[in-house]
file model33.cif (mmCIF, C-alpha atoms)
data_start
loop_
_atom_site.label_atom_id
_atom_site.label_comp_id
_atom_site.auth_asym_id
_atom_site.auth_seq_id
_atom_site.Cartn_x
_atom_site.Cartn_y
_atom_site.Cartn_z
CA MET A 98 81.06 2.50 115.29
CA ILE A 99 79.87 5.69 113.65
CA TYR A 100 81.82 4.74 110.53
CA ILE A 101 80.03 1.42 110.36
CA PHE A 102 76.68 3.23 110.62
CA ILE A 103 77.66 5.69 107.87
CA ILE A 104 78.81 2.87 105.60
CA ALA A 105 75.63 0.88 106.26
CA THR A 106 73.47 3.93 105.61
CA THR A 107 75.35 4.67 102.39
CA VAL A 108 74.96 1.06 101.21
CA PHE A 109 71.25 1.10 102.08
CA VAL A 110 70.68 4.40 100.29
CA GLY A 111 72.62 3.11 97.32
CA MET A 112 70.51 -0.07 97.22
CA VAL A 113 67.30 1.91 97.53
CA PHE A 114 68.44 4.23 94.76
CA TYR A 115 69.44 1.28 92.60
CA LEU A 116 66.12 -0.49 93.20
CA ALA A 117 64.27 2.75 92.52
CA GLN A 118 66.21 3.11 89.28
CA LEU A 119 65.29 -0.44 88.29
CA VAL A 120 61.63 0.29 89.01
CA VAL A 121 61.77 3.51 86.96
CA LEU A 122 63.47 1.70 84.07
CA GLY A 123 60.81 -1.02 84.23
CA LEU A 124 58.04 1.55 84.22
CA GLU A 125 59.66 3.40 81.32
CA GLN A 126 60.05 0.15 79.39
CA ARG A 127 56.42 -0.78 80.07
CA ALA A 128 55.35 2.71 79.07
CA ASP A 129 57.34 2.38 75.83
CA GLU A 130 55.72 -0.98 75.16
CA ASP A 131 52.30 0.51 75.84
CA VAL A 132 53.07 3.38 73.47
CA LEU A 133 54.23 0.94 70.78
CA ALA A 134 51.13 -1.19 71.31
CA ALA A 135 48.95 1.90 71.11
CA LYS A 136 50.74 2.99 67.93
CA ASP A 137 50.30 -0.49 66.46
CA ALA A 138 46.61 -0.53 67.40
CA PHE A 139 46.15 2.95 65.98
CA GLY A 140 47.97 1.91 62.80
CA LYS A 141 45.62 -1.06 62.45
CA ILE A 142 42.63 1.20 62.98
CA ILE A 143 43.93 3.57 60.28
CA GLU A 144 44.63 0.59 58.02
CA GLN A 145 41.11 -0.75 58.59
CA LYS A 146 39.69 2.70 57.94
CA ASP A 147 41.68 2.97 54.69
CA ARG A 148 40.56 -0.52 53.68
CA ALA A 149 36.97 0.33 54.52
CA GLN A 150 37.26 3.54 52.49
CA ALA A 151 38.77 1.59 49.57
CA ASP A 152 35.96 -1.00 49.81
CA LYS A 153 33.41 1.80 49.93
CA SER A 154 34.94 3.43 46.85
CA ARG A 155 35.04 0.08 45.04
CA LEU A 156 31.40 -0.63 45.96
CA GLU A 157 30.42 2.83 44.77
CA ARG A 158 32.23 2.24 41.48
CA ASP A 159 30.63 -1.20 41.11
CA ALA A 160 27.21 0.25 41.96
CA MET A 161 27.72 3.03 39.44
CA GLN A 162 28.72 0.48 36.78
CA ILE A 163 25.66 -1.63 37.61
CA PHE A 164 23.38 1.41 37.40
CA THR A 165 25.02 2.45 34.13
CA LEU A 166 24.61 -1.06 32.69
CA TYR A 167 21.02 -1.24 33.90
CA ASP A 168 20.21 2.17 32.46
CA MET A 169 21.84 1.35 29.12
CA THR A 170 20.18 -2.08 28.96
CA ARG A 171 16.79 -0.55 29.75
CA GLU A 172 17.19 2.02 26.98
CA LEU A 173 18.49 -0.54 24.49
CA SER A 174 15.52 -2.81 25.16
CA LEU A 175 13.20 -0.07 23.87
CA HIS A 176 14.75 -0.13 20.40
CA SER A 177 14.88 -2.77 17.68
CA ASN A 178 17.08 -0.77 15.32
CA GLU A 179 20.83 -1.36 15.29
CA GLN A 180 21.78 2.27 14.63
CA GLU A 181 19.48 3.57 17.36
CA ALA A 182 20.98 1.05 19.80
CA PHE A 183 24.51 2.15 18.85
CA ALA A 184 23.58 5.83 19.35
CA ILE A 185 22.52 4.97 22.92
CA PHE A 186 25.74 3.00 23.51
CA ARG A 187 27.92 5.84 22.22
CA ARG A 188 26.10 8.35 24.42
CA LYS A 189 26.65 6.15 27.48
CA LEU A 190 30.32 5.84 26.55
CA LYS A 191 30.78 9.60 26.50
CA GLU A 192 29.00 9.90 29.85
CA ASN A 193 31.21 7.31 31.56
CA VAL A 194 34.62 7.19 29.86
CA THR A 195 37.02 9.55 28.16
CA ILE A 196 37.05 8.61 24.47
CA GLU A 197 37.56 10.60 21.29
CA ASP A 198 35.66 8.52 18.72
CA CYS A 199 33.84 5.19 18.44
CA GLN A 200 32.26 3.71 15.31
CA LEU A 201 30.25 0.55 14.63
CA ALA A 202 30.90 -1.52 11.51
CA HIS A 203 30.56 -5.05 10.21
CA ASP A 204 34.22 -5.27 9.18
CA ILE A 205 37.44 -3.57 10.25
CA GLY A 206 38.12 -0.44 8.21
CA GLU A 207 34.55 -0.12 6.92
CA GLY A 208 33.73 3.53 6.34
CA PHE A 209 37.39 4.59 6.09
CA LYS A 210 39.30 5.50 2.95
CA ASP A 211 40.24 2.39 0.94
CA GLY A 212 38.83 0.29 3.77
CA VAL A 213 42.02 0.76 5.82
CA LEU A 214 41.71 1.45 9.55
CA PRO A 215 43.95 4.38 10.65
CA SER A 216 46.75 3.39 13.03
CA GLU A 217 45.40 5.50 15.90
CA TYR A 218 42.25 3.34 16.07
CA SER A 219 41.84 0.18 18.12
CA VAL A 220 39.28 -2.58 17.56
CA PHE A 221 36.85 -4.38 19.86
CA VAL A 222 35.17 -7.40 18.26
CA LEU A 223 31.50 -7.85 19.18
CA LYS A 224 30.86 -11.57 19.67
CA SER A 225 27.95 -13.79 20.58
CA LYS A 226 28.92 -17.37 21.41
CA GLU A 227 32.10 -16.95 19.36
CA LYS A 228 30.11 -15.64 16.37
CA LYS A 229 31.25 -12.23 15.16
CA MET A 230 28.42 -9.68 14.98
CA GLY A 231 30.49 -6.60 14.17
CA VAL A 232 33.35 -4.45 15.41
CA LEU A 233 33.76 -1.27 17.44
CA MET A 234 36.55 0.92 16.07
CA TYR A 235 37.66 3.51 18.60
CA LYS A 236 40.44 5.97 19.43
CA GLY A 237 41.45 8.29 22.26
CA LEU A 238 40.37 5.97 25.08
CA GLU A 239 42.03 6.81 28.42
CA PRO A 240 43.92 3.74 29.78
CA LYS A 241 42.17 4.12 33.14
CA ASP A 242 38.81 3.68 31.37
CA LYS A 243 39.76 0.52 29.43
CA GLU A 244 38.00 -1.85 31.87
CA LYS A 245 34.82 0.25 31.94
CA PHE A 246 34.82 0.45 28.13
CA THR A 247 35.15 -3.34 27.90
CA ILE A 248 32.23 -3.88 30.28
CA LEU A 249 29.99 -1.50 28.32
CA ALA A 250 31.08 -3.02 25.00
CA HIS A 251 30.24 -6.55 26.19
CA GLN A 252 26.82 -5.31 27.28
CA PHE A 253 26.31 -3.75 23.86
CA ALA A 254 27.28 -7.06 22.26
CA LEU A 255 24.50 -8.75 24.25
CA ALA A 256 22.08 -6.10 23.00
CA MET A 257 23.22 -6.70 19.42
CA ARG A 258 22.56 -10.42 19.89
CA ARG A 259 19.07 -9.66 21.17
CA LEU A 260 18.40 -7.43 18.16
CA LYS A 261 19.56 -10.17 15.79
CA LEU A 262 17.35 -12.76 17.49
CA TYR A 263 14.43 -10.32 17.30
CA LYS A 264 15.03 -9.82 13.57
CA ASP A 265 15.33 -13.56 12.97
CA ILE A 266 12.06 -14.22 14.80
CA GLU A 267 10.36 -11.36 12.96
CA THR A 268 11.62 -12.71 9.62
CA LEU A 269 10.35 -16.20 10.44
CA ALA A 270 6.95 -14.77 11.36
CA ILE A 271 6.43 -12.88 8.09
CA THR A 272 8.32 -15.06 5.59
CA ASP A 273 7.09 -18.15 3.79
CA GLY A 274 9.39 -20.98 4.84
CA LEU A 275 9.58 -22.60 1.40
CA THR A 276 9.90 -19.69 -1.02
CA GLY A 277 11.32 -16.87 1.11
CA VAL A 278 8.64 -14.35 0.06
CA TYR A 279 6.09 -12.84 2.44
CA THR A 280 3.36 -14.98 3.99
CA ARG A 281 -0.24 -14.36 2.90
CA ARG A 282 -1.16 -12.69 6.18
CA TYR A 283 1.75 -10.25 6.20
CA PHE A 284 1.40 -9.59 2.46
CA ILE A 285 -2.25 -8.54 2.95
CA GLU A 286 -1.18 -6.19 5.77
CA ARG A 287 1.40 -4.56 3.48
CA PHE A 288 -1.09 -4.44 0.60
CA ASP A 289 -3.60 -2.61 2.78
CA GLU A 290 -0.90 -0.12 3.86
CA GLU A 291 -0.01 0.60 0.23
CA ILE A 292 -3.67 1.20 -0.68
CA LYS A 293 -3.95 3.74 2.15
CA ARG A 294 -0.73 5.41 1.03
CA ALA A 295 -1.91 5.55 -2.58
CA SER A 296 -5.21 7.07 -1.43
CA LEU A 297 -3.42 9.68 0.69
CA HIS A 298 -1.03 10.76 -2.09
CA LYS A 299 -3.50 10.28 -4.99
CA ASN A 300 -1.22 7.70 -6.64
CA THR A 301 -1.95 4.61 -8.68
CA LEU A 302 -1.14 1.08 -7.61
CA SER A 303 -1.19 -2.23 -9.49
CA PHE A 304 -1.79 -5.73 -8.19
CA LEU A 305 -0.62 -8.96 -9.85
CA MET A 306 -1.99 -12.41 -9.13
CA ILE A 307 0.30 -15.12 -10.52
CA ASP A 308 -0.40 -18.84 -10.88
CA ALA A 309 1.92 -21.67 -11.96
CA ASP A 310 0.23 -23.48 -14.85
CA HIS A 311 -0.52 -27.21 -14.54
CA PHE A 312 1.25 -27.37 -11.22
CA LYS A 313 -0.70 -30.47 -10.14
CA LYS A 314 0.72 -32.33 -13.14
CA ILE A 315 4.23 -31.34 -12.10
CA ASN A 316 3.60 -32.75 -8.62
CA ASP A 317 2.08 -35.93 -10.04
CA GLN A 318 4.81 -36.49 -12.61
CA TYR A 319 7.94 -35.45 -10.71
CA GLY A 320 6.85 -35.63 -7.06
CA HIS A 321 6.14 -33.05 -4.38
CA LEU A 322 9.81 -32.39 -3.63
CA ALA A 323 10.35 -31.42 -7.25
CA GLY A 324 7.18 -29.33 -7.03
CA ASP A 325 8.67 -27.48 -4.06
CA MET A 326 11.80 -26.73 -6.10
CA VAL A 327 9.60 -25.32 -8.87
CA LEU A 328 7.78 -23.03 -6.40
CA LYS A 329 11.12 -21.80 -5.03
CA GLU A 330 12.30 -21.01 -8.54
CA VAL A 331 9.04 -19.24 -9.46
CA ALA A 332 9.48 -17.05 -6.34
CA ASN A 333 13.06 -16.30 -7.43
CA ILE A 334 11.93 -15.38 -10.95
CA ILE A 335 9.31 -12.99 -9.59
CA GLN A 336 11.77 -11.32 -7.19
CA GLU A 337 14.41 -10.97 -9.91
CA ASN A 338 12.00 -9.03 -12.12
CA VAL A 339 10.42 -6.53 -9.71
CA ARG A 340 11.73 -3.42 -7.97
CA GLU A 341 12.94 -3.20 -4.40
CA ILE A 342 9.85 -1.29 -3.38
CA ASP A 343 7.50 -3.93 -4.81
CA ILE A 344 5.94 -6.42 -2.43
CA VAL A 345 5.93 -10.15 -3.19
CA GLY A 346 3.95 -12.76 -1.29
CA ARG A 347 2.81 -16.35 -1.56
CA PHE A 348 -0.97 -16.40 -1.58
CA GLY A 349 -1.27 -20.14 -1.16
CA GLY A 350 -0.29 -23.32 -3.01
CA GLU A 351 1.13 -22.31 -6.38
CA GLU A 352 -0.32 -18.78 -6.32
CA PHE A 353 1.82 -15.68 -5.80
CA CYS A 354 0.89 -11.99 -5.54
CA VAL A 355 2.76 -8.77 -6.21
CA VAL A 356 1.91 -5.19 -5.25
CA LEU A 357 3.48 -2.54 -7.50
CA PRO A 358 3.29 0.86 -5.74
CA ASP A 359 3.08 3.93 -8.02
CA ALA A 360 2.61 1.71 -11.08
CA ALA A 361 0.00 2.39 -13.76
CA MET A 362 -1.54 -0.38 -15.85
CA GLU A 363 0.94 -0.15 -18.72
CA GLY A 364 3.90 -0.41 -16.35
CA ALA A 365 2.27 -3.35 -14.55
CA ARG A 366 1.79 -5.17 -17.90
CA VAL A 367 5.48 -4.69 -18.70
CA VAL A 368 6.50 -6.18 -15.34
CA ALA A 369 4.04 -9.07 -15.67
CA GLU A 370 5.22 -9.89 -19.20
CA ARG A 371 8.84 -9.80 -18.06
CA ILE A 372 8.06 -12.28 -15.27
CA ARG A 373 6.09 -14.53 -17.62
CA LYS A 374 8.82 -14.60 -20.31
CA HIS A 375 11.60 -15.34 -17.82
CA ALA A 376 9.58 -18.23 -16.38
CA GLU A 377 8.85 -19.60 -19.84
CA LYS A 378 12.56 -19.67 -20.73
CA ARG A 379 13.82 -21.01 -17.40
CA LEU A 380 14.89 -24.64 -17.11
CA ILE A 381 14.38 -25.63 -13.50
CA LYS A 382 16.66 -28.30 -12.09
CA ALA A 383 14.56 -30.31 -9.63
CA TYR A 384 16.75 -33.11 -8.27
CA ASP A 385 17.08 -35.63 -11.12
CA SER A 386 14.55 -33.89 -13.34
CA THR A 387 14.54 -30.78 -15.48
CA VAL A 388 11.21 -28.99 -15.39
CA ARG A 389 9.66 -26.14 -17.33
CA VAL A 390 6.84 -24.06 -15.91
CA THR A 391 4.69 -21.30 -17.37
CA LEU A 392 2.76 -18.62 -15.52
CA SER A 393 -0.68 -17.08 -15.93
CA ILE A 394 -1.03 -13.55 -14.56
CA GLY A 395 -4.05 -11.38 -13.77
CA ILE A 396 -3.78 -7.63 -13.10
CA SER A 397 -6.00 -5.08 -11.37
CA MET A 398 -5.29 -1.42 -10.68
CA TYR A 399 -6.09 1.10 -7.96
CA PRO A 400 -8.22 3.21 -8.17
CA SER A 401 -9.71 2.46 -11.61
CA ASP A 402 -10.59 -1.19 -10.82
CA GLY A 403 -11.46 -0.64 -7.17
CA LYS A 404 -10.52 1.23 -4.03
CA LEU A 405 -10.76 -1.61 -1.56
CA LEU A 406 -8.31 -4.46 -1.06
CA GLU A 407 -11.03 -7.09 -1.56
CA GLU A 408 -12.15 -5.48 -4.83
CA LEU A 409 -8.66 -5.42 -6.26
CA MET A 410 -7.99 -9.02 -5.26
CA ASP A 411 -11.30 -10.25 -6.71
CA LYS A 412 -10.73 -8.45 -10.00
CA ALA A 413 -7.14 -9.65 -10.33
CA ASP A 414 -8.39 -13.17 -9.61
CA TRP A 415 -11.05 -12.73 -12.30
CA ALA A 416 -8.37 -11.55 -14.77
CA LEU A 417 -6.26 -14.58 -13.81
CA TYR A 418 -9.23 -16.85 -14.55
CA ARG A 419 -9.50 -15.23 -18.01
CA ALA A 420 -5.78 -15.88 -18.58
CA LYS A 421 -6.32 -19.54 -17.71
CA SER A 422 -9.33 -19.80 -20.02
CA GLN A 423 -7.36 -18.22 -22.89
CA GLY A 424 -4.83 -21.04 -22.86
CA ARG A 425 -2.57 -20.09 -19.92
CA ASN A 426 0.96 -18.62 -20.13
CA CYS A 427 -0.39 -15.12 -20.70
CA VAL A 428 -1.14 -11.82 -18.96
CA VAL A 429 -4.66 -10.39 -18.67
CA THR A 430 -5.66 -7.03 -17.17
CA PHE A 431 -9.09 -6.59 -15.64
CA GLY A 432 -9.48 -3.16 -17.23
CA LEU A 433 -9.67 -4.66 -20.72
CA TYR A 434 -12.93 -6.40 -19.85
CA LYS A 435 -14.72 -3.62 -18.02
CA LYS A 436 -18.03 -2.61 -19.58
#
call {"tool": "encode", "arguments": {"input": "model33.cif", "output": "structure tokens"}}
result
Amino acid sequence: MIYIFIIATTVFVGMVFYLAQLVVLGLEQRADEDVLAAKDAFGKIIEQKDRAQADKSRLERDAMQIFTLYDMTRELSLHSNEQEAFAIFRRKLKENVTIEDCQLAHDIGEGFKDGVLPSEYSVFVLKSKEKKMGVLMYKGLEPKDKEKFTILAHQFALAMRRLKLYKDIETLAITDGLTGVYTRRYFIERFDEEIKRASLHKNTLSFLMIDADHFKKINDQYGHLAGDMVLKEVANIIQENVREIDIVGRFGGEEFCVVLPDAAMEGARVVAERIRKHAEKRLIKAYDSTVRVTLSIGISMYPSDGKLLEELMDKADWALYRAKSQGRNCVVTFGLYKK
């Protein structure tokens, strides 16, 4: 009987121990699962933190690029000169990327010996709607900065386009649409500036008033389109026979004017005669017709004939009238008729 009790007790203890072991194993397994879950959750938190940090860094970089672009665009908008705009662009480059050299040119190799671009240079073409506006030739750009350089270069291309549009609009505003010389209004502004400059530096200045002889007959005989061709050619003849510093404008109809800075009367007569002779010899092809035109020219001089713009214009006009009355195709200076 006692043996049965001992056996039963042993079996019971063994079962309790076994069940206890199962419970412990289950708790350990659950604890391991909880640990793994906690590790996984912690890993996700770290991953989210890293992603958030990466997003923050990216946003900071993007914000910095935006601020840089805004700052560069704001500065570029204050200038209408290409070289000044490029100086700003190059300064912004050096502030934001690692680069050894960057140059602006209209064609690849411009400014280098024999027009050949050295092998260490790379090229970025500045385009506006597929139209080439120039090239950036650069070297020593860090690969990590290539994207930033491209962004800044595209922004500079936009600025170049704005500068070109500004120049085109400015040219249209001050240029006579038919002949390509200055409009009357802008010519008078420039004339007034030259008078002030001559007064400041005690220099002389000559003024030519030029008229195409019998222009109404040309219009009547050959038509107004042919007349327009004649006016274009007269403007070309005048521009071909003056200096770069001289100012040419269309005063109205068939009348043209020229300001000759730093020119005395004798020099002005030489220029006027050269213009007159070239016009006299020129055969002008006007559609199906060949036309000849002669010019009458009146000259006044600052300060001997007047110190005000209106005086000089009136006296040149008077000299032009004398040229017309003397048979046209000649040059008359106002000074010859002063009492």
call {"tool": "residues_around", "arguments": {"input": "model33.cif", "residues": "segment 329-341 of chain A", "least_positions_apart": "3", "cutoff": "9 Å", "atoms": "only C-alpha atoms", "output": "number ranges by chain"}}
result
A: 275-278, 309, 324-326, 344-347, 353, 355, 357, 368-369, 371-373, 375-376, 379, 381, 390, 392
call {"tool": "residues_around", "arguments": {"input": "model33.cif", "residues": "segment 395-407 of chain A", "least_positions_apart": "5", "cutoff": "9 Å", "atoms": "only C-alpha atoms", "output": "compact mmCIF listing (two decimals) with C-alpha atoms, in the coordinates of the input"}}
result
# COMPACT_ATOMS: atom_id res chain seq x y z
CA ILE A 285 -2.25 -8.54 2.95
CA PHE A 288 -1.09 -4.44 0.60
CA ASP A 289 -3.60 -2.61 2.78
CA ILE A 292 -3.67 1.20 -0.68
CA ALA A 295 -1.91 5.55 -2.58
CA SER A 296 -5.21 7.07 -1.43
CA ASN A 300 -1.22 7.70 -6.64
CA THR A 301 -1.95 4.61 -8.68
CA LEU A 302 -1.14 1.08 -7.61
CA SER A 303 -1.19 -2.23 -9.49
CA PHE A 304 -1.79 -5.73 -8.19
CA LEU A 305 -0.62 -8.96 -9.85
CA MET A 306 -1.99 -12.41 -9.13
CA ILE A 307 0.30 -15.12 -10.52
CA ASP A 308 -0.40 -18.84 -10.88
CA ALA A 360 2.61 1.71 -11.08
CA ALA A 361 0.00 2.39 -13.76
CA MET A 362 -1.54 -0.38 -15.85
CA ALA A 365 2.27 -3.35 -14.55
CA ARG A 366 1.79 -5.17 -17.90
CA ALA A 369 4.04 -9.07 -15.67
CA LYS A 412 -10.73 -8.45 -10.00
CA ALA A 413 -7.14 -9.65 -10.33
CA ASP A 414 -8.39 -13.17 -9.61
CA TRP A 415 -11.05 -12.73 -12.30
CA ALA A 416 -8.37 -11.55 -14.77
CA LEU A 417 -6.26 -14.58 -13.81
CA TYR A 418 -9.23 -16.85 -14.55
CA ARG A 419 -9.50 -15.23 -18.01
CA ALA A 420 -5.78 -15.88 -18.58
CA CYS A 427 -0.39 -15.12 -20.70
CA VAL A 428 -1.14 -11.82 -18.96
CA VAL A 429 -4.66 -10.39 -18.67
CA THR A 430 -5.66 -7.03 -17.17
CA PHE A 431 -9.09 -6.59 -15.64
CA GLY A 432 -9.48 -3.16 -17.23
CA LYS A 435 -14.72 -3.62 -18.02
call {"tool": "closest_residue", "arguments": {"input": "model33.cif", "among": "A:Asn178, A:Arg187, A:Met234, A:Asn316", "to": "Gly208 of chain A", "atoms": "only C-alpha atoms"}}
result
A:Met234
call {"tool": "residues_around", "arguments": {"input": "model33.cif", "residues": "Glu267 of chain A", "least_positions_apart": "4", "cutoff": "12 Å", "atoms": "all atoms listed in the file", "output": "CSV table (one decimal) with C-alpha atoms, in the frame of the given file"}}
result
chain,number,residue,atom,x,y,z
A,177,SER,CA,14.9,-2.8,17.7
A,260,LEU,CA,18.4,-7.4,18.2
A,261,LYS,CA,19.6,-10.2,15.8
A,262,LEU,CA,17.4,-12.8,17.5
A,263,TYR,CA,14.4,-10.3,17.3
A,271,ILE,CA,6.4,-12.9,8.1
A,272,THR,CA,8.3,-15.1,5.6
A,273,ASP,CA,7.1,-18.2,3.8
A,279,TYR,CA,6.1,-12.8,2.4
A,280,THR,CA,3.4,-15.0,4.0
A,283,TYR,CA,1.8,-10.2,6.2
call {"tool": "atom_distance", "arguments": {"input": "model33.cif", "atom1": "atom CA of Thr391 of chain A", "atom2": "atom CA of Gly350 of chain A"}}
result
15.3 Å
call {"tool": "build_atoms", "arguments": {"input": "model33.cif", "residues": "segment 214-243 of chain A", "atoms": "N, CA and C atoms", "output": "compact mmCIF listing (two decimals), in the coordinates of the input"}}
result
# COMPACT_ATOMS: atom_id res chain seq x y z
N LEU A 214 41.90 0.84 8.24
CA LEU A 214 41.71 1.45 9.55
C LEU A 214 42.94 2.27 9.93
N PRO A 215 42.79 3.56 10.24
CA PRO A 215 43.95 4.38 10.65
C PRO A 215 44.64 3.79 11.88
N SER A 216 45.94 4.01 11.97
CA SER A 216 46.75 3.39 13.03
C SER A 216 46.36 3.83 14.42
N GLU A 217 45.75 5.02 14.56
CA GLU A 217 45.40 5.50 15.90
C GLU A 217 44.14 4.82 16.45
N TYR A 218 43.47 4.02 15.64
CA TYR A 218 42.25 3.34 16.07
C TYR A 218 42.57 1.95 16.62
N SER A 219 41.79 1.54 17.60
CA SER A 219 41.84 0.18 18.12
C SER A 219 40.51 -0.50 17.80
N VAL A 220 40.47 -1.81 17.96
CA VAL A 220 39.28 -2.58 17.56
C VAL A 220 38.80 -3.46 18.71
N PHE A 221 37.50 -3.46 18.92
CA PHE A 221 36.85 -4.38 19.86
C PHE A 221 35.85 -5.20 19.06
N VAL A 222 36.05 -6.52 19.04
CA VAL A 222 35.17 -7.40 18.26
C VAL A 222 33.94 -7.76 19.08
N LEU A 223 32.77 -7.50 18.52
CA LEU A 223 31.50 -7.85 19.18
C LEU A 223 31.16 -9.29 18.85
N LYS A 224 31.09 -10.14 19.89
CA LYS A 224 30.86 -11.57 19.67
C LYS A 224 29.65 -12.06 20.44
N SER A 225 29.02 -13.09 19.90
CA SER A 225 27.95 -13.79 20.58
C SER A 225 28.19 -15.28 20.39
N LYS A 226 28.60 -15.95 21.47
CA LYS A 226 28.92 -17.37 21.41
C LYS A 226 29.93 -17.64 20.29
N GLU A 227 30.99 -16.85 20.30
CA GLU A 227 32.10 -16.95 19.36
C GLU A 227 31.73 -16.55 17.93
N LYS A 228 30.51 -16.10 17.70
CA LYS A 228 30.11 -15.64 16.37
C LYS A 228 30.26 -14.13 16.30
N LYS A 229 31.00 -13.66 15.30
CA LYS A 229 31.25 -12.23 15.16
C LYS A 229 29.99 -11.52 14.66
N MET A 230 29.61 -10.45 15.37
CA MET A 230 28.42 -9.68 14.98
C MET A 230 28.79 -8.29 14.46
N GLY A 231 30.04 -7.91 14.61
CA GLY A 231 30.49 -6.60 14.17
C GLY A 231 31.72 -6.18 14.94
N VAL A 232 32.16 -4.96 14.71
CA VAL A 232 33.35 -4.45 15.41
C VAL A 232 33.10 -3.00 15.85
N LEU A 233 33.70 -2.66 16.99
CA LEU A 233 33.76 -1.27 17.44
C LEU A 233 35.15 -0.76 17.14
N MET A 234 35.25 0.31 16.38
CA MET A 234 36.55 0.92 16.07
C MET A 234 36.62 2.24 16.84
N TYR A 235 37.62 2.35 17.71
CA TYR A 235 37.66 3.51 18.60
C TYR A 235 39.07 4.06 18.73
N LYS A 236 39.14 5.35 19.17
CA LYS A 236 40.44 5.97 19.43
C LYS A 236 40.29 6.95 20.58
N GLY A 237 41.43 7.30 21.20
CA GLY A 237 41.45 8.29 22.26
C GLY A 237 40.86 7.81 23.57
N LEU A 238 40.90 6.50 23.83
CA LEU A 238 40.37 5.97 25.08
C LEU A 238 41.45 6.07 26.16
N GLU A 239 41.09 6.71 27.29
CA GLU A 239 42.03 6.81 28.42
C GLU A 239 42.30 5.41 28.98
N PRO A 240 43.58 5.07 29.24
CA PRO A 240 43.92 3.74 29.78
C PRO A 240 43.15 3.39 31.05
N LYS A 241 42.89 4.39 31.90
CA LYS A 241 42.17 4.12 33.14
C LYS A 241 40.72 3.70 32.90
N ASP A 242 40.20 3.99 31.70
CA ASP A 242 38.81 3.68 31.37
C ASP A 242 38.67 2.40 30.54
N LYS A 243 39.79 1.70 30.31
CA LYS A 243 39.76 0.52 29.43
C LYS A 243 38.80 -0.55 29.97
